[in-house]
Amino acid sequence: MIDMIIEQRRRSLGGSFEVGRVLPFAKRRMVGPFIFFDHIGPLDLAPGIDRSVDVRAHPHIGLSTVTYLFSGRIMHRDSLGVEQEIHPHEVNWMTAGSGITHSERFEHARAHGDHLHGIQAWVALPNGMEEVNPSFSHHSGADLPQWRDGGVTGQLIAGSAYGLCAGAKTCSPLFYAHLDMQPGSTAEIPGGYKERALYIATGAVELDGMRHESGRMLVLGATASRVEALEHATVMVLGGEPVGERHLYWNFVSSSKDRLAQAAADWKAGRMKLPDADDKEFIPLPDAPPPPAPPAMS
């Protein structure tokens with residue numbers, strides 16, 4: 001039932017701000033269309049924190065970013081002119097498509113202090129939709145259906161599962177949900193999708209007769225299954241249909257290595273518009289070169 005276990009790896013995003021990187025993993029690049037999965041925090045941010053902790057303006061192509069918080073606040077600004085603070089149990093869904101830039105800043109924490117904890121995932125766009133026009137949507141309330149069942153409180157973040165549909169417009173079949181599980185409770189992991197996984201954000205669960213602690217992703221087979229909470233646990237379940245091979249360089253995702261190289265060149269040359277409300281600083285292109293383009297056919 002468990003095809004692979006992936007442990008989070010700590011990664012610095014600059015200054016003292018670290019995340020737990022789960023996807024991509026050397027032996028498992030994607031789960032369905034999910035190509036990136038970062039566990040943010042938990043992290044206490046003191047009032048007056050330095051701006052170096054913020055995520056300055058940076059670009060994306062070929063993906064949708066999905067930001068979901070258990071606690072804390074993040075201010076999003078992008079090159080479409082959107083300015084939207086995300087609160088716990090809300091969703092910021094940004095589709096980069098042909099190209100977008102955005103920043104993520106901790107302004108509430110700077111003024112008041114904060115306890116930051118959440119997940120940011122990237123969903124690769126399917127063939128034929130990688131170059132769609134960029135867009136942004138914010139979702140809360142009825143857009144994110146909730147349910148309660150035997151000690152489990154669930155919230156659907158995106159896609160379709162548990163007989164429910166979330167409000168964000170997705171480009172390929174997928175599901176993504178947050179389960180808050182009381183000790184001893186059990187929850188179904190949605191079936192009907194070719195690839196599935198669960199991630200333990202807090203607590204511990206039992207699956208396949210084994211105990212699994214927080215910071216671990218369990219990549220599952222396609223058959224339906226259930227997970228039991230051994231203690232109070234926060235569990236994310238996710239998956240969907242594969243979209244085909246995708247290449248990843250820095251913040252860019254594409255089926256074409258040539259397209260990655262073009263995006264890198266565009267950012268380095270300043271051809272990608274910065275957010276109007278946050279255009280004074282940005283993250284430069286990494287020194288490491290993008291993956292080489294495939295040789296031309298003779």
# chains A, B, ... in the order shown; residues from 1 in each chain; ligands from 1
call {"tool": "residues_around", "arguments": {"residues": "stretch 279-283 of chain A", "least_positions_apart": "4", "cutoff": "9 Å", "atoms": "only C-alpha atoms", "output": "list in words"}}
result
Val55, Arg56, Ala57, His58, Pro59, Ser103, Lys273, Leu274 and Pro275 of chain A
call {"tool": "write_last_selection", "arguments": {"atoms": "N, CA and C atoms", "output": "short mmCIF file (atom, residue, chain, number, x, y, z; two decimals), in the first residue's frame"}}
result
data_model
loop_
_atom_site.label_atom_id
_atom_site.label_comp_id
_atom_site.auth_asym_id
_atom_site.auth_seq_id
_atom_site.Cartn_x
_atom_site.Cartn_y
_atom_site.Cartn_z
N VAL A 55 9.93 36.79 1.47
CA VAL A 55 10.24 36.22 0.16
C VAL A 55 10.03 37.33 -0.86
N ARG A 56 11.13 37.90 -1.36
CA ARG A 56 11.06 39.02 -2.29
C ARG A 56 10.46 38.58 -3.63
N ALA A 57 10.16 39.53 -4.47
CA ALA A 57 9.54 39.24 -5.76
C ALA A 57 10.38 38.24 -6.55
N HIS A 58 9.69 37.27 -7.16
CA HIS A 58 10.35 36.22 -7.93
C HIS A 58 9.35 35.71 -8.97
N PRO A 59 9.82 35.01 -10.01
CA PRO A 59 8.95 34.63 -11.12
C PRO A 59 8.55 33.15 -11.08
N SER A 103 5.48 38.37 -4.61
CA SER A 103 6.24 38.39 -3.37
C SER A 103 5.35 37.88 -2.25
N LYS A 273 7.68 41.53 -15.65
CA LYS A 273 7.16 42.64 -14.85
C LYS A 273 7.12 42.29 -13.36
N LEU A 274 7.58 43.21 -12.53
CA LEU A 274 7.51 43.02 -11.09
C LEU A 274 6.15 43.49 -10.57
N PRO A 275 5.74 43.06 -9.38
CA PRO A 275 4.49 43.57 -8.80
C PRO A 275 4.56 45.09 -8.65
#
call {"tool": "select_by_dssp", "arguments": {"residues": "stretch 32-197 of chain A", "states": "helix (DSSP H, G or I)", "output": "list in words"}}
result
Arg51, Ser52, Val53, Glu107, His108, Ala109, Arg110, Ala111, His112, Gly141, Ala142 and Asp143 of chain A
call {"tool": "closest_residue", "arguments": {"among": "A:Asp44, A:Arg226, A:Ile35, A:Ser172", "to": "A:Asn127", "atoms": "only C-alpha atoms"}}
result
A:Ser172
call {"tool": "closest_residue", "arguments": {"among": "A:Val152, A:Leu63, A:Met1, A:Val243", "to": "A:Ala121", "atoms": "only C-alpha atoms"}}
result
A:Leu63
call {"tool": "select_by_dssp", "arguments": {"residues": "stretch 53-190 of chain A", "states": "strand (DSSP E or B)", "output": "MDAnalysis selection string"}}
result
chainID A and resid 55:61 63:71 74:78 83:86 91:95 100:105 114:124 135:139 146:149 152:161 164:165 174:181 186:189
call {"tool": "residues_around", "arguments": {"residues": "A:Val237", "least_positions_apart": "6", "cutoff": "7 Å", "atoms": "only C-alpha atoms", "output": "MDAnalysis selection string"}}
result
chainID A and resid 176:178 189 197:199
call {"tool": "write_last_selection", "arguments": {"atoms": "N, CA, C and O atoms", "output": "compact mmCIF listing (two decimals), in the first residue's frame"}}
result
# COMPACT_ATOMS: atom_id res chain seq x y z
N TYR A 176 -6.91 17.59 -2.93
CA TYR A 176 -6.00 18.11 -1.91
C TYR A 176 -6.86 18.50 -0.72
O TYR A 176 -7.77 19.32 -0.85
N ALA A 177 -6.61 17.89 0.45
CA ALA A 177 -7.45 18.12 1.62
C ALA A 177 -6.62 18.14 2.89
O ALA A 177 -5.55 17.53 2.98
N HIS A 178 -7.16 18.83 3.89
CA HIS A 178 -6.57 18.94 5.23
C HIS A 178 -7.45 18.16 6.18
O HIS A 178 -8.65 18.42 6.28
N ILE A 189 -8.61 7.70 2.84
CA ILE A 189 -7.77 8.42 1.87
C ILE A 189 -8.45 8.25 0.52
O ILE A 189 -8.67 7.13 0.07
N ALA A 197 -0.91 10.50 -2.13
CA ALA A 197 0.04 10.55 -1.02
C ALA A 197 -0.63 11.20 0.17
O ALA A 197 -1.67 11.86 0.04
N LEU A 198 -0.05 10.99 1.34
CA LEU A 198 -0.45 11.78 2.51
C LEU A 198 0.81 12.31 3.17
O LEU A 198 1.87 11.70 3.12
N TYR A 199 0.66 13.49 3.78
CA TYR A 199 1.77 14.12 4.48
C TYR A 199 1.34 14.42 5.90
O TYR A 199 0.27 15.00 6.13
call {"tool": "residues_around", "arguments": {"residues": "stretch 29-33 of chain A", "least_positions_apart": "6", "cutoff": "6 Å", "atoms": "only C-alpha atoms", "output": "list in words"}}
result
Val123, Ala124, Glu195, Gly239, Gly240, Glu241, Pro242 and Val243 of chain A
call {"tool": "closest_atom_pairs", "arguments": {"of": "stretch 64-151 of chain A", "to": "stretch 246-269 of chain A", "cutoff": "10 Å", "atoms": "only C-alpha atoms", "output": "tab-separated table"}}
result
residue	atom	partner	partner_atom	distance
A:Ser64	CA	A:Val253	CA	9.8
A:Ala96	CA	A:Phe252	CA	9.3
A:Gly97	CA	A:Val253	CA	9.5
A:Ser98	CA	A:Ala263	CA	9.3
A:Gly99	CA	A:Ala263	CA	8.2
A:Thr101	CA	A:Trp267	CA	9.7
A:Trp122	CA	A:Val253	CA	9.4
A:Val123	CA	A:Val253	CA	9.4
A:Ala124	CA	A:Val253	CA	6.9
A:Leu125	CA	A:Ser254	CA	8.3
A:Pro126	CA	A:Ser255	CA	9.0
A:Asn127	CA	A:Ser255	CA	7.9
A:Glu130	CA	A:Ser254	CA	7.1
A:Glu131	CA	A:Ser254	CA	9.4
call {"tool": "residues_around", "arguments": {"residues": "stretch 216-224 of chain A", "least_positions_apart": "2", "cutoff": "6 Å", "atoms": "only C-alpha atoms", "output": "mmCIF file with all heavy atoms, in the first residue's frame"}}
result
data_model
loop_
_atom_site.group_PDB
_atom_site.id
_atom_site.type_symbol
_atom_site.label_atom_id
_atom_site.label_comp_id
_atom_site.auth_asym_id
_atom_site.auth_seq_id
_atom_site.Cartn_x
_atom_site.Cartn_y
_atom_site.Cartn_z
ATOM 1 N N MET A 1 0.829 -1.206 0.000
ATOM 2 C CA MET A 1 0.000 0.000 0.000
ATOM 3 C C MET A 1 0.863 1.257 0.000
ATOM 4 O O MET A 1 0.560 2.221 -0.685
ATOM 5 C CB MET A 1 -0.931 0.008 1.204
ATOM 6 C CG MET A 1 -1.945 1.133 1.200
ATOM 7 S SD MET A 1 -3.030 1.086 2.636
ATOM 8 C CE MET A 1 -3.800 -0.504 2.410
ATOM 9 N N ILE A 2 1.971 1.260 0.781
ATOM 10 C CA ILE A 2 2.902 2.389 0.771
ATOM 11 C C ILE A 2 3.990 2.097 -0.258
ATOM 12 O O ILE A 2 4.753 1.141 -0.116
ATOM 13 C CB ILE A 2 3.526 2.624 2.153
ATOM 14 C CG1 ILE A 2 2.455 2.949 3.187
ATOM 15 C CG2 ILE A 2 4.554 3.750 2.087
ATOM 16 C CD1 ILE A 2 2.974 3.102 4.595
ATOM 17 N N ASP A 3 4.052 2.913 -1.299
ATOM 18 C CA ASP A 3 5.059 2.718 -2.338
ATOM 19 C C ASP A 3 6.396 3.335 -1.962
ATOM 20 O O ASP A 3 7.450 2.845 -2.373
ATOM 21 C CB ASP A 3 4.580 3.337 -3.661
ATOM 22 C CG ASP A 3 3.441 2.554 -4.296
ATOM 23 O OD1 ASP A 3 3.207 1.407 -3.871
ATOM 24 O OD2 ASP A 3 2.802 3.090 -5.216
ATOM 25 N N MET A 4 6.363 4.433 -1.202
ATOM 26 C CA MET A 4 7.603 5.135 -0.864
ATOM 27 C C MET A 4 7.373 6.032 0.342
ATOM 28 O O MET A 4 6.265 6.551 0.535
ATOM 29 C CB MET A 4 8.069 5.973 -2.061
ATOM 30 C CG MET A 4 9.385 6.696 -1.851
ATOM 31 S SD MET A 4 9.919 7.590 -3.339
ATOM 32 C CE MET A 4 10.238 6.202 -4.430
ATOM 33 N N ILE A 5 8.412 6.208 1.147
ATOM 34 C CA ILE A 5 8.396 7.145 2.266
ATOM 35 C C ILE A 5 9.400 8.253 1.970
ATOM 36 O O ILE A 5 10.558 7.983 1.647
ATOM 37 C CB ILE A 5 8.745 6.439 3.588
ATOM 38 C CG1 ILE A 5 7.690 5.373 3.929
ATOM 39 C CG2 ILE A 5 8.875 7.461 4.717
ATOM 40 C CD1 ILE A 5 8.039 4.533 5.147
ATOM 41 N N ILE A 6 8.944 9.501 2.058
ATOM 42 C CA ILE A 6 9.806 10.655 1.806
ATOM 43 C C ILE A 6 9.855 11.505 3.067
ATOM 44 O O ILE A 6 8.825 11.963 3.555
ATOM 45 C CB ILE A 6 9.283 11.508 0.633
ATOM 46 C CG1 ILE A 6 9.150 10.654 -0.637
ATOM 47 C CG2 ILE A 6 10.208 12.700 0.383
ATOM 48 C CD1 ILE A 6 8.494 11.393 -1.796
ATOM 49 N N GLU A 7 11.050 11.703 3.594
ATOM 50 C CA GLU A 7 11.244 12.558 4.764
ATOM 51 C C GLU A 7 11.529 13.986 4.301
ATOM 52 O O GLU A 7 12.243 14.209 3.317
ATOM 53 C CB GLU A 7 12.413 12.057 5.613
ATOM 54 C CG GLU A 7 12.313 10.603 6.050
ATOM 55 C CD GLU A 7 11.352 10.376 7.201
ATOM 56 O OE1 GLU A 7 10.797 11.376 7.726
ATOM 57 O OE2 GLU A 7 11.161 9.214 7.591
ATOM 58 N N GLY A 191 -9.841 7.510 -3.055
ATOM 59 C CA GLY A 191 -9.404 6.662 -4.151
ATOM 60 C C GLY A 191 -9.840 7.272 -5.474
ATOM 61 O O GLY A 191 -10.316 8.402 -5.540
ATOM 62 N N LYS A 194 -4.914 8.006 -9.933
ATOM 63 C CA LYS A 194 -3.804 7.107 -10.215
ATOM 64 C C LYS A 194 -2.684 7.240 -9.198
ATOM 65 O O LYS A 194 -2.027 6.251 -8.847
ATOM 66 C CB LYS A 194 -3.279 7.355 -11.627
ATOM 67 C CG LYS A 194 -2.244 6.336 -12.072
ATOM 68 C CD LYS A 194 -1.911 6.471 -13.548
ATOM 69 C CE LYS A 194 -0.926 5.403 -13.977
ATOM 70 N NZ LYS A 194 -0.596 5.533 -15.426
ATOM 71 N N ARG A 196 -1.396 9.001 -5.369
ATOM 72 C CA ARG A 196 -1.892 9.582 -4.123
ATOM 73 C C ARG A 196 -0.765 9.595 -3.093
ATOM 74 O O ARG A 196 0.169 8.804 -3.149
ATOM 75 C CB ARG A 196 -3.056 8.760 -3.564
ATOM 76 C CG ARG A 196 -4.202 8.534 -4.526
ATOM 77 C CD ARG A 196 -5.294 7.676 -3.894
ATOM 78 N NE ARG A 196 -4.747 6.416 -3.400
ATOM 79 C CZ ARG A 196 -5.231 5.746 -2.349
ATOM 80 N NH1 ARG A 196 -6.246 6.227 -1.665
ATOM 81 N NH2 ARG A 196 -4.698 4.605 -1.978
ATOM 82 N N ALA A 197 -0.909 10.498 -2.130
ATOM 83 C CA ALA A 197 0.044 10.549 -1.021
ATOM 84 C C ALA A 197 -0.635 11.199 0.169
ATOM 85 O O ALA A 197 -1.674 11.857 0.035
ATOM 86 C CB ALA A 197 1.294 11.328 -1.413
ATOM 87 N N LEU A 198 -0.051 10.993 1.340
ATOM 88 C CA LEU A 198 -0.452 11.780 2.511
ATOM 89 C C LEU A 198 0.807 12.314 3.171
ATOM 90 O O LEU A 198 1.872 11.701 3.117
ATOM 91 C CB LEU A 198 -1.305 10.974 3.483
ATOM 92 C CG LEU A 198 -0.713 9.811 4.280
ATOM 93 C CD1 LEU A 198 0.004 10.290 5.533
ATOM 94 C CD2 LEU A 198 -1.814 8.853 4.686
ATOM 95 N N TYR A 199 0.664 13.491 3.779
ATOM 96 C CA TYR A 199 1.773 14.124 4.476
ATOM 97 C C TYR A 199 1.341 14.421 5.903
ATOM 98 O O TYR A 199 0.269 14.995 6.132
ATOM 99 C CB TYR A 199 2.191 15.416 3.785
ATOM 100 C CG TYR A 199 3.318 16.109 4.515
ATOM 101 C CD1 TYR A 199 4.619 15.615 4.440
ATOM 102 C CD2 TYR A 199 3.083 17.229 5.297
ATOM 103 C CE1 TYR A 199 5.649 16.232 5.139
ATOM 104 C CE2 TYR A 199 4.111 17.855 5.992
ATOM 105 C CZ TYR A 199 5.389 17.341 5.913
ATOM 106 O OH TYR A 199 6.413 17.938 6.617
ATOM 107 N N ILE A 200 2.181 14.041 6.868
ATOM 108 C CA ILE A 200 1.890 14.244 8.278
ATOM 109 C C ILE A 200 2.556 15.549 8.711
ATOM 110 O O ILE A 200 3.788 15.636 8.812
ATOM 111 C CB ILE A 200 2.404 13.074 9.129
ATOM 112 C CG1 ILE A 200 1.912 11.742 8.554
ATOM 113 C CG2 ILE A 200 1.969 13.226 10.578
ATOM 114 C CD1 ILE A 200 2.850 10.589 8.804
ATOM 115 N N SER A 214 5.481 13.101 12.202
ATOM 116 C CA SER A 214 5.364 14.325 11.416
ATOM 117 C C SER A 214 6.617 14.552 10.582
ATOM 118 O O SER A 214 7.717 14.108 10.935
ATOM 119 C CB SER A 214 5.120 15.523 12.332
ATOM 120 O OG SER A 214 6.192 15.685 13.227
#
call {"tool": "closest_residue", "arguments": {"among": "A:Asp208, A:Leu80, A:Phe17, A:Phe25", "to": "A:Arg105", "atoms": "only C-alpha atoms"}}
result
A:Phe17
call {"tool": "atom_distance", "arguments": {"atom1": "atom CA of A:Ile157", "atom2": "atom CA of A:Val91"}}
result
7.0 Å
call {"tool": "residues_around", "arguments": {"residues": "A:Arg148", "least_positions_apart": "2", "cutoff": "12 Å", "atoms": "only C-alpha atoms", "output": "PDB file with C-alpha atoms, in the first residue's frame"}}
result
ATOM      1  CA  PRO A 145     -16.091  22.538   1.937  1.00  0.00           C
ATOM      2  CA  GLN A 146     -15.730  21.132   5.444  1.00  0.00           C
ATOM      3  CA  GLY A 150     -15.896  10.404  13.996  1.00  0.00           C
ATOM      4  CA  GLY A 151     -13.172  12.651  15.399  1.00  0.00           C
ATOM      5  CA  VAL A 152     -11.976  13.899  12.004  1.00  0.00           C
ATOM      6  CA  THR A 153     -12.530  17.454  10.788  1.00  0.00           C
ATOM      7  CA  GLY A 154     -11.769  17.785   7.104  1.00  0.00           C
ATOM      8  CA  GLN A 155     -11.444  20.684   4.710  1.00  0.00           C
ATOM      9  CA  LEU A 156     -11.153  20.284   0.954  1.00  0.00           C
ATOM     10  CA  TYR A 162     -15.169  12.927  -0.307  1.00  0.00           C
ATOM     11  CA  HIS A 178      -6.567  18.944   5.226  1.00  0.00           C
ATOM     12  CA  LEU A 179      -7.572  16.424   7.916  1.00  0.00           C
ATOM     13  CA  ASP A 180      -7.504  17.369  11.604  1.00  0.00           C
ATOM     14  CA  MET A 181      -7.576  14.004  13.395  1.00  0.00           C
ATOM     15  CA  GLN A 182      -8.263  13.328  17.076  1.00  0.00           C
ATOM     16  CA  SER A 185      -9.861   8.495  14.805  1.00  0.00           C
ATOM     17  CA  THR A 186      -9.615   7.038  11.318  1.00  0.00           C
ATOM     18  CA  ALA A 187     -10.052   8.690   7.931  1.00  0.00           C
TER      19      ALA A 187
END
call {"tool": "closest_residue", "arguments": {"among": "A:Ile86, A:Ile40, A:Met272, A:Ala166", "to": "A:Ile61", "atoms": "only C-alpha atoms"}}
result
A:Met272
call {"tool": "closest_residue", "arguments": {"among": "A:Glu104, A:Leu45, A:Pro284, A:Gly244", "to": "A:Gln120", "atoms": "only C-alpha atoms"}}
result
A:Glu104
call {"tool": "decode", "arguments": {"residues": "stretch 14-36 of chain A", "atoms": "N, CA, C and O atoms", "output": "compact mmCIF listing (two decimals), in the first residue's frame"}}
result
# COMPACT_ATOMS: atom_id res chain seq x y z
N GLY A 14 16.41 31.94 2.91
CA GLY A 14 17.07 33.22 3.15
C GLY A 14 16.93 33.63 4.60
O GLY A 14 15.87 33.46 5.21
N GLY A 15 18.00 34.16 5.17
CA GLY A 15 17.97 34.56 6.58
C GLY A 15 17.71 33.36 7.47
O GLY A 15 18.26 32.28 7.27
N SER A 16 16.83 33.54 8.45
CA SER A 16 16.52 32.45 9.39
C SER A 16 15.30 31.66 8.97
O SER A 16 14.86 30.78 9.71
N PHE A 17 14.73 31.96 7.80
CA PHE A 17 13.49 31.33 7.37
C PHE A 17 13.79 30.01 6.67
O PHE A 17 14.37 29.97 5.60
N GLU A 18 13.37 28.90 7.31
CA GLU A 18 13.57 27.56 6.76
C GLU A 18 12.24 26.89 6.49
O GLU A 18 11.24 27.18 7.15
N VAL A 19 12.24 25.98 5.52
CA VAL A 19 11.08 25.15 5.24
C VAL A 19 11.52 23.70 5.20
O VAL A 19 12.71 23.39 5.11
N GLY A 20 10.54 22.80 5.27
CA GLY A 20 10.78 21.38 5.09
C GLY A 20 10.44 21.00 3.66
O GLY A 20 9.26 20.94 3.33
N ARG A 21 11.44 20.76 2.82
CA ARG A 21 11.21 20.40 1.42
C ARG A 21 10.87 18.90 1.34
O ARG A 21 11.60 18.06 1.83
N VAL A 22 9.75 18.59 0.69
CA VAL A 22 9.31 17.21 0.54
C VAL A 22 9.39 16.79 -0.93
O VAL A 22 10.03 15.80 -1.28
N LEU A 23 8.69 17.54 -1.79
CA LEU A 23 8.78 17.33 -3.24
C LEU A 23 9.41 18.57 -3.86
O LEU A 23 9.16 19.68 -3.39
N PRO A 24 10.22 18.38 -4.91
CA PRO A 24 10.58 17.13 -5.55
C PRO A 24 11.61 16.35 -4.73
O PRO A 24 12.38 16.93 -3.97
N PHE A 25 11.62 15.04 -4.92
CA PHE A 25 12.53 14.12 -4.25
C PHE A 25 13.28 13.36 -5.35
O PHE A 25 12.72 13.10 -6.41
N ALA A 26 14.53 13.02 -5.09
CA ALA A 26 15.36 12.41 -6.14
C ALA A 26 14.70 11.17 -6.75
O ALA A 26 14.77 10.95 -7.95
N LYS A 27 14.05 10.37 -5.90
CA LYS A 27 13.46 9.13 -6.40
C LYS A 27 11.97 9.24 -6.71
O LYS A 27 11.34 8.28 -7.15
N ARG A 28 11.40 10.44 -6.48
CA ARG A 28 9.99 10.65 -6.76
C ARG A 28 9.78 12.14 -7.01
O ARG A 28 9.65 12.92 -6.08
N ARG A 29 9.73 12.53 -8.26
CA ARG A 29 9.66 13.94 -8.60
C ARG A 29 8.27 14.52 -8.39
O ARG A 29 8.13 15.69 -8.03
N MET A 30 7.22 13.71 -8.62
CA MET A 30 5.86 14.22 -8.59
C MET A 30 4.91 13.19 -7.99
O MET A 30 5.19 11.98 -8.00
N VAL A 31 3.77 13.68 -7.48
CA VAL A 31 2.63 12.83 -7.11
C VAL A 31 1.43 13.41 -7.85
O VAL A 31 0.98 14.52 -7.53
N GLY A 32 0.91 12.69 -8.86
CA GLY A 32 -0.08 13.29 -9.73
C GLY A 32 0.53 14.54 -10.34
O GLY A 32 1.68 14.54 -10.79
N PRO A 33 -0.20 15.68 -10.34
CA PRO A 33 0.38 16.91 -10.86
C PRO A 33 1.19 17.70 -9.83
O PRO A 33 1.77 18.74 -10.17
N PHE A 34 1.24 17.24 -8.58
CA PHE A 34 1.97 17.96 -7.53
C PHE A 34 3.47 17.76 -7.73
O PHE A 34 3.98 16.65 -7.63
N ILE A 35 4.17 18.87 -8.00
CA ILE A 35 5.60 18.79 -8.32
C ILE A 35 6.47 19.43 -7.24
O ILE A 35 7.69 19.32 -7.27
N PHE A 36 5.83 20.07 -6.28
CA PHE A 36 6.58 20.79 -5.24
C PHE A 36 5.71 20.81 -4.00
O PHE A 36 4.50 21.03 -4.08
